[in-house]
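J.: Data file entry.cif (mmCIF, C-alpha atoms) is appended below.
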data_my_file
#
loop_
_atom_site.label_atom_id
_atom_site.label_comp_id
_atom_site.auth_asym_id
_atom_site.auth_seq_id
_atom_site.Cartn_x
_atom_site.Cartn_y
_atom_site.Cartn_z
CA MET R 1 -3.29 -36.77 10.62
CA THR R 2 -1.80 -38.45 13.67
CA ASN R 3 0.68 -36.72 15.92
CA ASN R 4 3.43 -38.90 14.58
CA GLN R 5 2.78 -37.79 11.03
CA GLU R 6 2.64 -34.21 12.20
CA ASP R 7 6.05 -34.54 13.83
CA ILE R 8 7.42 -35.73 10.52
CA SER R 9 5.87 -32.66 8.88
CA LEU R 10 7.52 -30.53 11.53
CA GLN R 11 10.92 -31.95 10.65
CA SER R 12 10.36 -31.45 6.93
CA LEU R 13 9.23 -27.88 7.50
CA ARG R 14 12.38 -27.20 9.50
CA GLN R 15 14.45 -28.61 6.67
CA GLY R 16 12.79 -26.14 4.31
CA SER R 17 10.44 -28.41 2.33
CA ASP R 18 8.20 -26.29 0.10
CA LEU R 19 6.01 -29.29 -0.66
CA VAL R 20 5.15 -29.82 3.00
CA LEU R 21 4.68 -26.08 3.43
CA GLN R 22 2.10 -26.08 0.64
CA LYS R 23 0.43 -29.31 1.79
CA ILE R 24 -0.12 -28.05 5.34
CA TYR R 25 -1.43 -24.76 3.92
CA GLU R 26 -3.94 -26.53 1.69
CA ASP R 27 -4.95 -29.21 4.22
CA ASN R 28 -5.99 -26.66 6.82
CA ARG R 29 -7.34 -23.88 4.62
CA ASP R 30 -10.99 -24.93 4.32
CA LYS R 31 -11.26 -25.81 8.00
CA PHE R 32 -9.88 -22.39 8.86
CA ILE R 33 -12.28 -20.59 6.51
CA ASN R 34 -15.25 -22.36 8.11
CA PHE R 35 -13.96 -21.55 11.55
CA ALA R 36 -13.37 -17.86 10.76
CA ARG R 37 -16.75 -17.26 9.06
CA ARG R 38 -18.36 -16.87 12.47
CA TYR R 39 -16.51 -13.58 12.94
CA ASN R 40 -18.28 -11.90 10.03
CA LEU R 41 -15.20 -11.32 7.95
CA ASP R 42 -15.31 -11.32 4.18
CA ASN R 43 -13.45 -14.00 2.27
CA ASP R 44 -10.41 -11.90 1.36
CA ASP R 45 -9.94 -10.90 4.99
CA ILE R 46 -10.22 -14.51 6.13
CA ILE R 47 -7.57 -15.63 3.65
CA ASP R 48 -5.38 -12.74 4.76
CA VAL R 49 -5.72 -13.74 8.43
CA TYR R 50 -5.15 -17.40 7.55
CA GLN R 51 -1.91 -16.52 5.83
CA ASP R 52 -0.77 -14.34 8.73
CA ALA R 53 -1.64 -17.11 11.21
CA TYR R 54 0.29 -19.54 9.06
CA ILE R 55 3.31 -17.22 9.07
CA VAL R 56 3.22 -16.95 12.88
CA PHE R 57 2.95 -20.73 13.12
CA TYR R 58 5.84 -21.20 10.69
CA ASN R 59 8.07 -18.65 12.44
CA ASN R 60 7.50 -20.42 15.75
CA VAL R 61 8.40 -23.76 14.17
CA MET R 62 11.55 -22.35 12.64
CA SER R 63 12.69 -20.54 15.78
CA GLY R 64 12.26 -23.71 17.84
CA LYS R 65 9.41 -22.25 19.95
CA ILE R 66 7.33 -25.18 18.74
CA GLU R 67 9.63 -28.14 19.33
CA LYS R 68 7.01 -30.84 19.30
CA PHE R 69 3.30 -30.59 18.62
CA THR R 70 1.16 -30.71 21.73
CA SER R 71 -2.00 -30.18 19.65
CA SER R 72 -2.93 -30.71 16.01
CA ILE R 73 -1.65 -28.19 13.47
CA SER R 74 -5.18 -26.91 12.88
CA THR R 75 -5.57 -26.15 16.61
CA TYR R 76 -2.41 -24.03 16.46
CA LEU R 77 -3.70 -22.21 13.39
CA PHE R 78 -7.16 -21.61 14.91
CA SER R 79 -5.70 -20.26 18.16
CA ILE R 80 -3.32 -17.91 16.40
CA GLY R 81 -6.01 -16.95 13.88
CA LYS R 82 -8.46 -16.12 16.63
CA TYR R 83 -5.88 -13.92 18.29
CA LEU R 84 -5.16 -12.11 15.01
CA ILE R 85 -8.85 -11.64 14.20
CA PHE R 86 -9.49 -9.98 17.54
CA ASP R 87 -6.42 -7.85 17.08
CA LYS R 88 -7.65 -6.79 13.63
CA MET R 89 -11.11 -5.97 14.97
CA LYS R 90 -9.66 -4.01 17.84
CA LYS R 91 -7.64 -1.94 15.38
CA ASN R 92 -10.74 -1.34 13.23
CA ASN R 93 -12.71 -0.45 16.36
CA LYS R 94 -15.18 -3.21 15.63
CA LYS R 95 -16.75 -5.21 18.37
CA VAL R 96 -17.57 -8.84 17.83
CA SER R 97 -20.40 -9.34 20.26
CA GLY R 98 -20.34 -7.87 23.71
CA ASN R 99 -17.05 -6.58 25.05
CA PHE R 100 -14.26 -8.71 23.77
CA ASP R 101 -10.93 -7.70 25.10
CA LEU R 102 -7.87 -8.91 23.25
CA SER R 103 -5.86 -9.53 26.41
CA LEU R 104 -8.76 -11.61 27.71
CA VAL R 105 -8.72 -13.78 24.62
CA LYS R 106 -4.99 -14.18 24.92
CA ASP R 107 -5.27 -15.19 28.57
CA GLN R 108 -7.86 -17.77 27.68
CA ASP R 109 -5.66 -19.38 25.14
CA ASP R 110 -2.80 -21.22 26.75
CA LEU R 111 -1.46 -22.32 23.41
CA VAL R 112 -1.02 -18.79 22.13
CA ASP R 113 0.72 -17.86 25.38
CA THR R 114 3.54 -20.22 24.56
CA LEU R 115 4.14 -18.64 21.13
CA GLU R 116 5.48 -15.37 19.76
CA VAL R 117 2.45 -13.76 18.12
CA GLU R 118 3.28 -10.06 18.05
CA ALA R 119 1.93 -8.39 14.93
CA LYS R 120 3.41 -4.91 15.22
CA GLY R 121 5.24 -3.26 12.38
CA LEU R 122 8.91 -2.39 12.47
CA THR R 123 10.10 0.76 14.25
CA HIS R 124 11.95 3.43 12.28
CA GLU R 125 15.24 2.17 13.66
CA GLN R 126 14.42 -1.38 12.63
CA GLN R 127 13.44 -0.27 9.13
CA LEU R 128 16.80 1.39 8.75
CA LEU R 129 18.50 -1.74 10.01
CA ARG R 130 16.48 -3.77 7.53
CA GLN R 131 17.74 -1.73 4.60
CA HIS R 132 21.32 -2.29 5.65
CA PHE R 133 20.72 -5.96 6.40
CA SER R 134 19.30 -6.41 2.87
CA GLY R 135 22.49 -4.89 1.50
CA LEU R 136 24.74 -7.50 3.12
CA GLY R 137 26.13 -10.39 1.09
CA ASN R 138 24.17 -13.63 1.01
CA LYS R 139 26.65 -15.47 3.20
CA CYS R 140 26.25 -12.94 6.01
CA LYS R 141 22.47 -12.86 5.66
CA GLU R 142 22.25 -16.64 5.87
CA LEU R 143 24.59 -16.91 8.83
CA LEU R 144 22.86 -14.15 10.81
CA SER R 145 19.48 -15.74 10.02
CA LEU R 146 20.68 -19.03 11.47
CA PHE R 147 21.76 -17.28 14.66
CA TYR R 148 18.86 -14.89 15.15
CA TYR R 149 15.87 -16.36 13.30
CA ARG R 150 16.51 -20.05 13.84
CA GLY R 151 18.16 -19.62 17.26
CA PHE R 152 20.93 -22.05 16.21
CA THR R 153 23.98 -22.62 18.38
CA ILE R 154 27.46 -22.55 16.84
CA LYS R 155 27.45 -26.34 17.06
CA ASP R 156 24.13 -26.57 15.14
CA ILE R 157 25.60 -24.39 12.39
CA LEU R 158 28.76 -26.48 12.24
CA GLU R 159 26.63 -29.61 11.78
CA LYS R 160 24.97 -28.10 8.74
CA GLY R 161 28.33 -28.46 7.05
CA ASP R 162 28.88 -25.05 5.42
CA TYR R 163 31.72 -24.15 7.78
CA ASN R 164 34.89 -26.01 8.75
CA SER R 165 35.25 -24.99 12.37
CA GLU R 166 33.58 -23.15 15.22
CA ASN R 167 36.22 -20.43 15.01
CA VAL R 168 35.41 -19.72 11.36
CA ILE R 169 31.73 -19.36 12.28
CA LYS R 170 32.54 -17.01 15.15
CA SER R 171 34.86 -14.83 13.10
CA THR R 172 32.48 -14.72 10.12
CA LYS R 173 29.64 -13.67 12.41
CA SER R 174 31.65 -10.91 14.04
CA ARG R 175 32.79 -9.65 10.63
CA CYS R 176 29.17 -9.53 9.42
CA MET R 177 28.04 -7.69 12.54
CA LYS R 178 30.92 -5.24 12.19
CA THR R 179 30.03 -4.49 8.56
CA LEU R 180 26.40 -4.00 9.50
CA LYS R 181 27.25 -1.58 12.29
CA GLU R 182 29.71 0.36 10.14
CA ARG R 183 27.14 0.82 7.40
CA ILE R 184 24.54 2.03 9.86
CA ASN R 185 26.96 4.44 11.48
CA SER R 186 28.20 5.90 8.19
CA ASN R 187 24.78 6.29 6.65
CA SER R 188 21.74 7.15 8.71
CA LEU R 189 19.63 7.47 5.53
CA MET Y 1 30.73 -15.36 32.17
CA ASN Y 2 31.50 -12.79 29.52
CA LYS Y 3 28.75 -10.56 28.22
CA ASP Y 4 28.96 -11.61 24.57
CA GLU Y 5 28.62 -15.22 25.62
CA LEU Y 6 25.49 -14.37 27.63
CA LEU Y 7 23.91 -12.65 24.63
CA TYR Y 8 24.78 -15.58 22.40
CA LEU Y 9 23.16 -18.01 24.85
CA TYR Y 10 20.06 -15.81 25.07
CA PHE Y 11 19.54 -15.78 21.30
CA SER Y 12 20.11 -19.52 21.03
CA ASN Y 13 17.54 -20.11 23.79
CA SER Y 14 20.08 -21.82 25.98
CA LEU Y 15 20.45 -19.67 29.11
CA THR Y 16 20.36 -21.62 32.36
CA LYS Y 17 18.29 -20.26 35.29
CA SER Y 18 21.29 -18.65 36.98
CA GLN Y 19 22.55 -17.18 33.70
CA GLU Y 20 19.06 -15.81 33.10
CA GLN Y 21 19.28 -14.00 36.41
CA GLN Y 22 22.68 -12.54 35.53
CA PHE Y 23 21.30 -11.57 32.12
CA LYS Y 24 18.37 -9.67 33.66
CA GLU Y 25 20.61 -7.83 36.10
CA LEU Y 26 22.94 -6.70 33.32
CA LEU Y 27 20.00 -5.58 31.24
CA ASP Y 28 18.79 -3.40 34.10
CA ASN Y 29 22.14 -2.00 35.20
CA ASP Y 30 24.58 -2.01 32.30
CA ALA Y 31 23.74 0.51 29.57
CA GLU Y 32 26.33 -0.81 27.14
CA PHE Y 33 25.01 -4.35 27.50
CA LYS Y 34 21.45 -3.10 27.06
CA ALA Y 35 22.43 -1.25 23.85
CA GLN Y 36 24.09 -4.35 22.42
CA PHE Y 37 21.05 -6.44 23.36
CA ASP Y 38 18.71 -3.94 21.69
CA PHE Y 39 20.78 -4.01 18.52
CA GLU Y 40 20.78 -7.80 18.31
CA ASN Y 41 17.13 -8.03 19.24
CA ASN Y 42 16.25 -5.48 16.53
CA LEU Y 43 18.24 -7.56 14.09
CA LYS Y 44 16.21 -10.61 15.10
CA GLN Y 45 12.95 -8.73 14.43
CA VAL Y 46 14.26 -7.47 11.09
CA ILE Y 47 15.22 -10.95 9.92
CA LYS Y 48 11.86 -12.27 11.06
CA ALA Y 49 10.11 -9.53 9.07
CA GLU Y 50 12.17 -10.41 5.96
CA LYS Y 51 11.29 -14.10 6.30
CA SER Y 52 7.63 -13.32 6.98
CA ASP Y 53 7.31 -11.11 3.89
CA ALA Y 54 8.94 -13.75 1.70
CA LEU Y 55 6.60 -16.40 3.10
CA LYS Y 56 3.56 -14.17 2.57
CA ASP Y 57 4.45 -13.91 -1.12
CA LYS Y 58 4.80 -17.68 -1.30
CA LEU Y 59 1.40 -18.21 0.35
CA LYS Y 60 -0.21 -15.77 -2.08
CA GLY Y 61 1.23 -17.96 -4.82
CA PHE Y 62 -0.35 -21.08 -3.26
CA GLU Y 63 -3.64 -19.23 -3.12
CA MET Y 64 -3.40 -18.33 -6.80
CA ASP Y 65 -2.71 -21.98 -7.66
CA LEU Y 66 -5.81 -22.96 -5.71
CA SER Y 67 -8.08 -20.43 -7.35
CA LYS Y 68 -6.84 -21.51 -10.78
CA THR Y 69 -7.90 -25.09 -10.02
CA GLU Y 70 -11.24 -23.99 -8.60
CA ASP Y 71 -12.01 -21.83 -11.59
CA LYS Y 72 -11.06 -24.34 -14.25
CA SER Y 73 -14.65 -25.01 -15.28
CA TRP Y 74 -15.14 -21.32 -15.87
CA PHE Y 75 -11.92 -21.02 -17.78
CA ASN Y 76 -13.31 -20.54 -21.28
CA TRP Y 77 -15.96 -18.15 -20.09
CA ARG Y 78 -13.36 -16.13 -18.30
CA ILE Y 79 -11.20 -15.89 -21.40
CA ALA Y 80 -14.15 -14.81 -23.50
CA ALA Y 81 -15.18 -12.25 -20.91
CA SER Y 82 -11.63 -10.92 -20.60
CA ILE Y 83 -11.35 -10.42 -24.34
CA VAL Y 84 -14.59 -8.50 -24.42
CA LEU Y 85 -13.47 -6.40 -21.47
CA LEU Y 86 -10.04 -5.81 -22.96
CA LEU Y 87 -11.48 -4.69 -26.26
CA GLY Y 88 -13.85 -2.40 -24.44
CA ALA Y 89 -11.10 -1.04 -22.22
CA SER Y 90 -8.74 -0.39 -25.11
CA TRP Y 91 -11.40 1.48 -27.02
CA PHE Y 92 -12.40 3.39 -23.93
CA GLY Y 93 -8.72 3.95 -23.09
CA TYR Y 94 -8.00 5.36 -26.52
CA GLU Y 95 -10.98 7.64 -26.36
CA SER Y 96 -10.43 9.01 -22.92
CA LEU Y 97 -6.69 9.37 -23.25
CA PHE Y 98 -7.21 11.74 -26.10
CA GLY Y 99 -6.23 15.11 -24.78
CA LEU Y 100 -4.23 13.82 -21.79
CA ASP Y 101 -0.68 15.11 -21.51
CA TYR Y 102 1.15 11.91 -20.60
CA ASN Y 103 4.58 13.39 -20.83
CA SER Y 104 3.92 16.08 -18.30
CA LEU Y 105 2.23 13.58 -15.95
CA TYR Y 106 5.36 11.44 -16.25
CA ASP Y 107 7.72 14.35 -15.76
CA ASP Y 108 5.77 15.60 -12.75
CA ASN Y 109 6.06 12.22 -11.05
CA TYR Y 110 9.37 10.77 -12.11
CA THR Y 111 12.48 10.98 -9.98
CA ASN Y 112 15.06 8.25 -9.95
CA TYR Y 113 15.12 6.03 -6.88
CA PRO Y 114 17.87 6.81 -4.34
CA ASN Y 115 20.56 4.32 -3.47
CA THR Y 116 19.29 2.74 -0.27
CA VAL Y 117 21.23 -0.50 -0.43
CA TYR Y 118 24.90 0.23 -0.72
CA THR Y 119 26.90 2.49 1.54
CA ILE Y 120 29.73 4.20 -0.23
CA THR Y 121 32.66 4.28 2.17
CA ARG Y 122 36.33 4.73 1.52
CA SER Y 123 37.28 1.37 2.89
CA ASP Y 124 35.23 -0.77 0.50
CA GLU Y 125 38.07 -2.41 -1.34
CA ASN Y 126 36.43 -5.82 -1.65
CA ASN Y 127 33.48 -4.53 -3.56
CA SER Y 128 35.21 -1.94 -5.69
CA LEU Y 129 33.12 -2.60 -8.82
CA GLN Y 130 29.91 -2.38 -6.85
CA ARG Y 131 31.19 0.78 -5.23
CA GLU Y 132 31.97 2.30 -8.65
CA ALA Y 133 28.53 1.28 -9.91
CA PHE Y 134 26.77 3.08 -7.09
CA VAL Y 135 29.05 6.11 -7.24
CA ALA Y 136 28.15 6.40 -10.95
CA TYR Y 137 24.48 5.84 -10.14
CA GLU Y 138 24.44 8.47 -7.42
CA THR Y 139 26.11 11.01 -9.67
CA GLY Y 140 23.58 10.36 -12.45
CA ASP Y 141 26.01 8.65 -14.83
CA PHE Y 142 23.58 5.84 -15.62
CA LYS Y 143 25.51 4.60 -18.64
CA LEU Y 144 28.60 3.96 -16.56
CA ALA Y 145 26.50 2.55 -13.70
CA LEU Y 146 24.99 0.00 -16.10
CA GLU Y 147 28.39 -1.00 -17.44
CA LYS Y 148 29.65 -1.56 -13.91
CA PHE Y 149 26.56 -3.46 -12.79
CA LYS Y 150 26.85 -5.74 -15.79
CA SER Y 151 30.50 -6.46 -15.17
CA ILE Y 152 30.02 -7.66 -11.59
CA LYS Y 153 30.05 -11.43 -11.52
CA GLU Y 154 28.43 -11.99 -8.13
CA GLU Y 155 24.97 -10.50 -8.56
CA GLU Y 156 23.25 -9.08 -5.52
CA PRO Y 157 19.45 -9.41 -5.45
CA TYR Y 158 19.00 -5.64 -5.65
CA PHE Y 159 21.07 -5.22 -8.85
CA ASN Y 160 18.11 -5.90 -11.10
CA PHE Y 161 16.16 -2.99 -9.63
CA TYR Y 162 19.06 -0.55 -9.96
CA LYS Y 163 19.78 -1.69 -13.50
CA ALA Y 164 16.14 -0.99 -14.31
CA GLN Y 165 16.52 2.46 -12.71
CA SER Y 166 19.63 3.13 -14.78
CA TYR Y 167 17.84 2.20 -18.01
CA LEU Y 168 15.01 4.47 -17.01
CA GLY Y 169 17.51 7.23 -16.31
CA LEU Y 170 18.76 6.76 -19.89
CA ASP Y 171 15.17 6.88 -21.17
CA ASN Y 172 15.38 3.29 -22.40
CA LEU Y 173 11.81 2.48 -21.40
CA ASP Y 174 11.56 -1.01 -22.87
CA GLU Y 175 14.65 -2.40 -21.13
CA ALA Y 176 13.62 -0.76 -17.85
CA LYS Y 177 10.11 -2.18 -18.17
CA ALA Y 178 11.34 -5.75 -18.71
CA LEU Y 179 13.55 -5.56 -15.61
CA PHE Y 180 10.86 -4.01 -13.42
CA GLU Y 181 8.48 -6.76 -14.52
CA LYS Y 182 11.10 -9.28 -13.43
CA GLU Y 183 11.11 -7.61 -10.00
CA LEU Y 184 7.40 -8.38 -9.56
CA LEU Y 185 8.05 -12.09 -10.05
CA SER Y 186 10.94 -12.34 -7.62
CA ASP Y 187 11.32 -12.10 -3.84
CA SER Y 188 12.43 -8.53 -4.27
CA GLN Y 189 12.23 -5.91 -1.55
CA PHE Y 190 11.38 -3.39 -4.29
CA LYS Y 191 8.05 -4.76 -5.53
CA ALA Y 192 6.02 -1.70 -4.60
CA GLU Y 193 8.63 0.58 -6.12
CA ALA Y 194 8.67 -1.54 -9.31
CA LEU Y 195 4.87 -1.16 -9.60
CA TRP Y 196 5.17 2.61 -9.32
CA TYR Y 197 7.85 2.85 -12.00
CA LEU Y 198 5.96 0.43 -14.27
CA ALA Y 199 2.90 2.66 -13.95
CA LEU Y 200 5.00 5.69 -14.94
CA ILE Y 201 6.59 3.90 -17.90
CA ASN Y 202 3.19 2.78 -19.18
CA LEU Y 203 1.94 6.30 -18.75
CA LYS Y 204 4.73 7.63 -20.91
CA GLN Y 205 4.05 4.90 -23.46
CA LYS Y 206 0.37 5.90 -23.42
CA ASN Y 207 -0.81 2.50 -22.17
CA LYS Y 208 -3.54 3.80 -19.92
CA THR Y 209 -5.03 0.42 -19.04
CA GLU Y 210 -1.70 -1.00 -17.87
CA ALA Y 211 -0.76 2.17 -16.01
CA THR Y 212 -4.09 2.14 -14.21
CA GLY Y 213 -3.73 -1.56 -13.34
CA HIS Y 214 -0.29 -1.04 -11.80
CA LEU Y 215 -1.47 1.97 -9.81
CA LYS Y 216 -4.43 0.01 -8.45
CA ASP Y 217 -2.16 -2.88 -7.47
CA LEU Y 218 0.15 -0.45 -5.71
CA ILE Y 219 -2.68 1.24 -3.80
CA THR Y 220 -4.30 -1.99 -2.65
CA SER Y 221 -1.19 -3.92 -1.62
CA HIS Y 222 1.44 -1.41 -0.57
CA ASN Y 223 2.06 1.89 1.19
CA TYR Y 224 4.83 3.20 -1.03
CA LYS Y 225 3.70 6.32 -2.99
CA LYS Y 226 0.10 5.54 -2.08
CA GLU Y 227 -1.09 9.15 -2.10
CA GLU Y 228 0.75 9.99 -5.31
CA ALA Y 229 -0.69 6.88 -6.94
CA LYS Y 230 -4.22 7.91 -5.94
CA THR Y 231 -3.72 11.40 -7.34
CA LEU Y 232 -2.35 10.00 -10.57
CA LEU Y 233 -5.20 7.53 -10.85
CA ASN Y 234 -7.70 10.37 -10.44
CA ALA Y 235 -5.94 12.32 -13.15
CA LEU Y 236 -6.24 9.34 -15.47
CA ASN Y 237 -9.95 8.76 -14.82
#
As structure tokens, what does this structure read like?
T.:
Amino acid sequence: MTNNQEDISLQSLRQGSDLVLQKIYEDNRDKFINFARRYNLDNDDIIDVYQDAYIVFYNNVMSGKIEKFTSSISTYLFSIGKYLIFDKMKKNNKKVSGNFDLSLVKDQDDLVDTLEVEAKGLTHEQQLLRQHFSGLGNKCKELLSLFYYRGFTIKDILEKGDYNSENVIKSTKSRCMKTLKERINSNSL
Amino acid sequence: MNKDELLYLYFSNSLTKSQEQQFKELLDNDAEFKAQFDFENNLKQVIKAEKSDALKDKLKGFEMDLSKTEDKSWFNWRIAASIVLLLGASWFGYESLFGLDYNSLYDDNYTNYPNTVYTITRSDENNSLQREAFVAYETGDFKLALEKFKSIKEEEPYFNFYKAQSYLGLDNLDEAKALFEKELLSDSQFKAEALWYLALINLKQKNKTEATGHLKDLITSHNYKKEEAKTLLNALN
């Protein structure tokens, strides 16, 4: 795939195309499995890491961290995958060969440095917030996702066409945030 | 520049260098600003986790599609083998279940799931039906809760799970089972919980094979009730 084609894929991904999502997943899967075999992982673990690497890649595309591809998609997936494999091994107290240090791997990989690759779970506070976020209406969830997951500006949201004016977007957002805070304050589960 | 504006620019990745400086200073010196930043940043992580979990489910689906294609040539063999296994398992299941007290295993493990999705406050006028549904649910009036849930036109994604809970509360196992099974096929946040309750229902209905299958799925893929599921699985074996 040329870079031009990959940029088109990037746009389609951003627009939410499931077909492109699946195609990129399938196109890179076998290459990734071959690449990851060298780390002595069993097949289920490799697929698991591949999926997690794919999620990190996707999140970075959606949040605008990856604006334009500077490498092929498979290079992104390999770099993230390598980072996750070392992280997994570190957690399992397994050594690959010699003394591999996760931070060392991360330093070596410039590509990963430009991305958000944290793989920690949610804190207790965040879990609580998640429960209350899930309980919000769909309109609020979508709007807050545009602001915080996609990193959209008010203008970007206006261009999507679901709202009539910037003021409506601002007031809807503040109402959603107010509801969320009230629910958290009145119920600390 | 006002503080809200700075936070907004931060989360839309559009701070200029000088605004970034101002942002850092506020973060270090203004506790209220820091608290607001933490809240919004937590929200960002939460939304990312929601999106990631939904995507993981989707990718698992792609993987299943792929393995179906790869295994096509073995299809007939697999069916034949499954039938043999199923027959064996049912016979074995019947034999080894003899003497097990399913009802007491069910009773020992069943409690209805708490309301974790809807906060009942006095000021909830907009959602009064939903409020009534959850008030009924929390007070154990499952019949009324079901009536209210059914009468709400705008369905929330978590309604299905709480309807299933209400049916279970009324001992209507078949209706509850159908709804919990629907949970497993959706993007629900309650998949692990649905597996647990499906295992319990199957236990009560004396379907040992299904109960065991659900418990194993729960143990391998989730953390919810993991220890209880292991104990129950041991009791069944």
J.: What are the residues of chain Y lining chain R at 6 Å or less? Count only C-alpha atoms, and put the answer as a PyMOL selection string.
T.: chain Y and resi 11-12+42+44+46+117
J.: Write a file of the just-selected residues containing C-alpha atoms, as a PDB file, in the coordinates of the input.
T.:
ATOM      1  CA  PHE Y  11      19.540 -15.780  21.300  1.00  0.00           C
ATOM      2  CA  SER Y  12      20.110 -19.520  21.030  1.00  0.00           C
ATOM      3  CA  ASN Y  42      16.250  -5.480  16.530  1.00  0.00           C
ATOM      4  CA  LYS Y  44      16.210 -10.610  15.100  1.00  0.00           C
ATOM      5  CA  VAL Y  46      14.260  -7.470  11.090  1.00  0.00           C
ATOM      6  CA  VAL Y 117      21.230  -0.500  -0.430  1.00  0.00           C
TER       7      VAL Y 117
END
J.: For the atom pair atom CA of Tyr8 of chain Y and atom CA of Glu20 of chain Y, what is the interatomic distance in Å to one decimal place?
T.: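 We find that atom CA of Tyr8 of chain Y and atom CA of Glu20 of chain Y lie 12.1 Å from each other.
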J.: When you count all atoms listed in the file, which of these residues is closest to Lys51 of chain Y: Y:Asn223, Y:Asn103, Y:Gln189, Y:Asn115?
T.: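 Going through Y:Asn223, Y:Asn103, Y:Gln189, Y:Asn115 one by one, the smallest distance to Lys51 of chain Y is for Y:Gln189.
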J.: Once the PyMOL selection byres ((chain R and resi 69-82) around 10) is applied to the coordinates I shared, what remains selected? I want it as a PyMOL selection string.
T.: chain R and resi 1-4+6-7+9-10+24-25+27-29+31-33+35-36+39+46+49-58+61+66-68+83-88+102+105-106+109-113+115-117
J.: Keeping only C-alpha atoms, write the selected residues to a file as a compact mmCIF listing (two decimals), keeping the file's coordinate frame.
T.:
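What landed in selection-v8.txt:
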# COMPACT_ATOMS: atom_id res chain seq x y z
CA MET R 1 -3.29 -36.77 10.62
CA THR R 2 -1.80 -38.45 13.67
CA ASN R 3 0.68 -36.72 15.92
CA ASN R 4 3.43 -38.90 14.58
CA GLU R 6 2.64 -34.21 12.20
CA ASP R 7 6.05 -34.54 13.83
CA SER R 9 5.87 -32.66 8.88
CA LEU R 10 7.52 -30.53 11.53
CA ILE R 24 -0.12 -28.05 5.34
CA TYR R 25 -1.43 -24.76 3.92
CA ASP R 27 -4.95 -29.21 4.22
CA ASN R 28 -5.99 -26.66 6.82
CA ARG R 29 -7.34 -23.88 4.62
CA LYS R 31 -11.26 -25.81 8.00
CA PHE R 32 -9.88 -22.39 8.86
CA ILE R 33 -12.28 -20.59 6.51
CA PHE R 35 -13.96 -21.55 11.55
CA ALA R 36 -13.37 -17.86 10.76
CA TYR R 39 -16.51 -13.58 12.94
CA ILE R 46 -10.22 -14.51 6.13
CA VAL R 49 -5.72 -13.74 8.43
CA TYR R 50 -5.15 -17.40 7.55
CA GLN R 51 -1.91 -16.52 5.83
CA ASP R 52 -0.77 -14.34 8.73
CA ALA R 53 -1.64 -17.11 11.21
CA TYR R 54 0.29 -19.54 9.06
CA ILE R 55 3.31 -17.22 9.07
CA VAL R 56 3.22 -16.95 12.88
CA PHE R 57 2.95 -20.73 13.12
CA TYR R 58 5.84 -21.20 10.69
CA VAL R 61 8.40 -23.76 14.17
CA ILE R 66 7.33 -25.18 18.74
CA GLU R 67 9.63 -28.14 19.33
CA LYS R 68 7.01 -30.84 19.30
CA TYR R 83 -5.88 -13.92 18.29
CA LEU R 84 -5.16 -12.11 15.01
CA ILE R 85 -8.85 -11.64 14.20
CA PHE R 86 -9.49 -9.98 17.54
CA ASP R 87 -6.42 -7.85 17.08
CA LYS R 88 -7.65 -6.79 13.63
CA LEU R 102 -7.87 -8.91 23.25
CA VAL R 105 -8.72 -13.78 24.62
CA LYS R 106 -4.99 -14.18 24.92
CA ASP R 109 -5.66 -19.38 25.14
CA ASP R 110 -2.80 -21.22 26.75
CA LEU R 111 -1.46 -22.32 23.41
CA VAL R 112 -1.02 -18.79 22.13
CA ASP R 113 0.72 -17.86 25.38
CA LEU R 115 4.14 -18.64 21.13
CA GLU R 116 5.48 -15.37 19.76
CA VAL R 117 2.45 -13.76 18.12
J.: Tell me which protein, DNA and RNA residues are within 12 Å of Thr231 of chain Y, counting only C-alpha atoms, leaving out same-chain ones fewer than 4 positions away, and put them as an MDAnalysis selection string.
T.: chainID Y and resid 105 108:109 212 215:216 219 225:227 235:237
J.: For a test of reading the model, state the distance in Å between atom CA of Trp196 of chain Y and atom CA of Ile152 of chain Y, rounded to one decimal.
T.: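 A separation of 27.0 Å between them.
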J.: Counting all atoms listed in the file, I want the residues whose atoms come within 12 Å of (21.0, -4.5, -12.2) in the file frame, returned as JSON, numbers by chain.
T.: {"Y": [130, 133, 134, 137, 142, 145, 146, 147, 148, 149, 150, 151, 152, 153, 154, 155, 156, 157, 158, 159, 160, 161, 162, 163, 164, 165, 166, 167, 168, 175, 176, 178, 179, 180, 182, 183]}
J.: Kindly give the distance, in Å, that separates atom CA of Leu6 of chain Y and atom CA of Gln22 of chain Y, rounded to a single decimal.
T.: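 Atom-to-atom, atom CA of Leu6 of chain Y to atom CA of Gln22 of chain Y, that is 8.6 Å.
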